[in-house]
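Chemist: Please find one structure pasted underneath; my questions will follow.
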Amino acid sequence: MDGRLIGEAVAREDFAHFFFITMLKLPPINCRSFAPRMTASFLVIGMVAIGLNPIIDKAMASWLEKGSVSILEYAYRLYFIPITVLATASFTVILSYWSNSFYTSTSSHLKNVYKTFKIIGLIALITTFLLLLKSDFLVRFVYGRGSLKGEQLADIQAVFIFYCIGLVPYLGLSLLTRYYIVLKATNVFMRFMLINLILHIFLNVLFIWRFGLRGIALSTTVTCFLVVLLAVFGLKRLKLHQN
């Protein structure tokens, strides 16, 4: 083994370089090669955090009277219908457009995001008004023909109403988090989703003892309002890449 190589390595305190080159005959590690993996890891952690919310809601609903988990599930399924209709098709197109324009367009991405955010918010606001107006009809039309009784249908409607109030911030947050993913700022996305999870658990505990089952839906709504405000604020601080 060359003594000069050892001396140079020790002098530069480059022990990792010396070990890999001289002992294992491996090239030095380039930390940049880990960047795609870290980006994907942040994304996975954020998605897992999102998926934990419904599980936690059902677990906490089980603390209440018998049948609470089923009522919460029925209300959430009904609430998710407009979300699916508004988000599934439109968000896919929007995400594709943003991904393309981020690398090819010279226009202001931030203005584009805010414009889309306002349009989605307006559509969601109108949808919320209609859902609240026809909540009794919707619940009875979907669940009224089964074995559910009037009191159970009333509970489903009450929970459904609390969910619907949060439709605007829910869709807004879904939209903005997708833009963070386009920017490859998945670490920011992960932070928002973890904040969302922790805040949601805290508000569940806070509201459930005062409002019962409705408190879980209220917690979802309030959490979305607070986190979407953080997402808007965070968007302004991001250094947007423009050609």
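Going by the structure tokens order, chains are called A, B, ..., each with residues numbered from 1, while ligands are numbered from 1 in the order shown.
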Find the residues near Asn196 (chain A): any atom within 8 Å, counting only C-alpha atoms, skip ones fewer than 5 places away on the same chain, and give them as a list in words.

Modeler: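 Here the qualifying residues turn out to be Thr223, Cys224 and Val227 of chain A.
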
Chemist: Pull N, CA and C atoms from the residues just selected and write them as a PDB file, in the first residue's frame.

Modeler:
```pdb
ATOM      1  N   THR A 223     -58.869  21.362  10.207  1.00  0.00           N
ATOM      2  CA  THR A 223     -57.496  21.011   9.842  1.00  0.00           C
ATOM      3  C   THR A 223     -57.182  21.428   8.412  1.00  0.00           C
ATOM      4  N   CYS A 224     -58.107  21.157   7.488  1.00  0.00           N
ATOM      5  CA  CYS A 224     -57.906  21.533   6.086  1.00  0.00           C
ATOM      6  C   CYS A 224     -57.786  23.046   5.938  1.00  0.00           C
ATOM      7  N   VAL A 227     -54.207  24.036   7.329  1.00  0.00           N
ATOM      8  CA  VAL A 227     -53.079  23.548   6.538  1.00  0.00           C
ATOM      9  C   VAL A 227     -53.060  24.187   5.156  1.00  0.00           C
TER      10      VAL A 227
END
```

Chemist: Would you pick out the contacts of region 228-231 of chain A at 8 Å or less, using only C-alpha atoms, so that residues sharing its chain but fewer than 3 positions from it are not included, and give the list as an MDAnalysis selection string?

Modeler: chainID A and resid 169:170 172:173 176:177 192 224:225 234:235

Chemist: Write the selection just made, keeping N, CA and C atoms, as a compact mmCIF listing (two decimals), in the first residue's frame?

Modeler:
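The result, written out as result05.txt:
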```
# COMPACT_ATOMS: atom_id res chain seq x y z
N PRO A 169 -61.53 24.07 1.32
CA PRO A 169 -60.12 23.93 1.72
C PRO A 169 -59.55 22.55 1.40
N TYR A 170 -60.38 21.52 1.41
CA TYR A 170 -59.89 20.18 1.08
C TYR A 170 -59.39 20.13 -0.36
N GLY A 172 -58.66 22.73 -2.22
CA GLY A 172 -57.56 23.68 -2.35
C GLY A 172 -56.24 23.09 -1.89
N LEU A 173 -56.28 22.37 -0.77
CA LEU A 173 -55.07 21.74 -0.26
C LEU A 173 -54.59 20.64 -1.21
N LEU A 176 -52.84 22.41 -4.18
CA LEU A 176 -51.54 23.01 -3.88
C LEU A 176 -50.48 21.95 -3.59
N THR A 177 -50.86 20.90 -2.90
CA THR A 177 -49.87 19.85 -2.62
C THR A 177 -49.41 19.17 -3.90
N PHE A 192 -46.14 19.25 5.36
CA PHE A 192 -47.54 19.66 5.44
C PHE A 192 -48.44 18.48 5.81
N CYS A 224 -58.11 21.16 7.49
CA CYS A 224 -57.91 21.53 6.09
C CYS A 224 -57.79 23.05 5.94
N PHE A 225 -58.61 23.79 6.66
CA PHE A 225 -58.53 25.25 6.61
C PHE A 225 -57.15 25.74 7.05
N GLY A 234 -46.56 28.97 2.27
CA GLY A 234 -45.34 28.31 1.86
C GLY A 234 -45.06 28.45 0.38
N LEU A 235 -46.11 28.54 -0.42
CA LEU A 235 -45.95 28.68 -1.86
C LEU A 235 -45.27 30.00 -2.20
```

Chemist: Find the distance between CA of Ile55 (chain A) and CA of Ile181 (chain A) and write it in Å to one decimal.

Modeler: 24.2 Å

Chemist: Restricting the calculation to only C-alpha atoms: of A:Val93, A:Ile50, A:Leu194, A:Leu110, which residue gets closest to Val232 (chain A)?

Modeler: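 For Val232 (chain A), the nearest of the given residues is A:Leu110.
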
Chemist: Suppose you want the space between CA of Phe160 (chain A) and CA of Gly51 (chain A); what is it in Å?

Modeler: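 Computing it gives 19.7 Å between the two atoms.
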
Chemist: Using only C-alpha atoms, which of A:Phe189, A:Phe80, A:Phe137, A:Phe42 sits nearest Gly166 (chain A)?

Modeler: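 Of all the options, A:Phe80 lies closest to Gly166 (chain A).
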
Chemist: Extract, using only C-alpha atoms, all DNA, RNA and protein residues at most 10 Å from His200 (chain A), discarding same-chain residues fewer than 2 positions from it, and format them as a list in words.

Modeler: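 Result of the neighbour search: Asn53, Ile56, Asp57, Leu194, Ile195, Asn196, Leu197, Ile198, Phe202, Leu203, Asn204, Val205, Leu206, Ile216, Leu218, Ser219, Thr220, Thr221, Val222, Thr223 and Cys224 of chain A.
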
Chemist: Output C-alpha atoms for every residue in that selection, as a PDB file, in the first residue's frame.

Modeler:
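For reference, out.pdb as written:
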```
ATOM      1  CA  ASN A  53     -56.323  10.076   8.747  1.00  0.00           C
ATOM      2  CA  ILE A  56     -57.504   7.344  13.001  1.00  0.00           C
ATOM      3  CA  ASP A  57     -61.002   8.785  12.542  1.00  0.00           C
ATOM      4  CA  LEU A 194     -47.335  15.391   8.868  1.00  0.00           C
ATOM      5  CA  ILE A 195     -48.620  18.691  10.259  1.00  0.00           C
ATOM      6  CA  ASN A 196     -52.039  17.773   8.892  1.00  0.00           C
ATOM      7  CA  LEU A 197     -51.902  14.390  10.640  1.00  0.00           C
ATOM      8  CA  ILE A 198     -50.748  15.724  14.017  1.00  0.00           C
ATOM      9  CA  PHE A 202     -55.200  16.902  18.298  1.00  0.00           C
ATOM     10  CA  LEU A 203     -58.436  18.459  17.036  1.00  0.00           C
ATOM     11  CA  ASN A 204     -60.154  15.076  17.018  1.00  0.00           C
ATOM     12  CA  VAL A 205     -59.434  14.689  20.710  1.00  0.00           C
ATOM     13  CA  LEU A 206     -60.467  18.304  21.350  1.00  0.00           C
ATOM     14  CA  ILE A 216     -64.418  14.193  13.911  1.00  0.00           C
ATOM     15  CA  LEU A 218     -65.373  19.195  12.184  1.00  0.00           C
ATOM     16  CA  SER A 219     -61.757  18.334  12.940  1.00  0.00           C
ATOM     17  CA  THR A 220     -61.206  17.354   9.305  1.00  0.00           C
ATOM     18  CA  THR A 221     -62.686  20.654   8.136  1.00  0.00           C
ATOM     19  CA  VAL A 222     -60.738  22.875  10.542  1.00  0.00           C
ATOM     20  CA  THR A 223     -57.496  21.011   9.842  1.00  0.00           C
ATOM     21  CA  CYS A 224     -57.906  21.533   6.086  1.00  0.00           C
TER      22      CYS A 224
END
```

Chemist: Given only C-alpha atoms as the basis, pick out the residue of A:Ile45, A:Val139, A:Val85, A:Leu95 nearest to Ile123 (chain A).

Modeler: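 Looking only at the distances to Ile123 (chain A), the closest residue turns out to be A:Val85.
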
Chemist: As a PyMOL selection string, please: the residues near Ala87 (chain A) (cut-off 9 Å, only C-alpha atoms, same-chain neighbours under 3 positions excluded).

Modeler: chain A and resi 82-84+90-92+171+174-175

Chemist: Would you work out the distance separating CA of Leu43 (chain A) from CA of Met190 (chain A), expressed in Å to one decimal?

Modeler: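 Computing the Euclidean distance for CA of Leu43 (chain A) and CA of Met190 (chain A) yields 6.3 Å.
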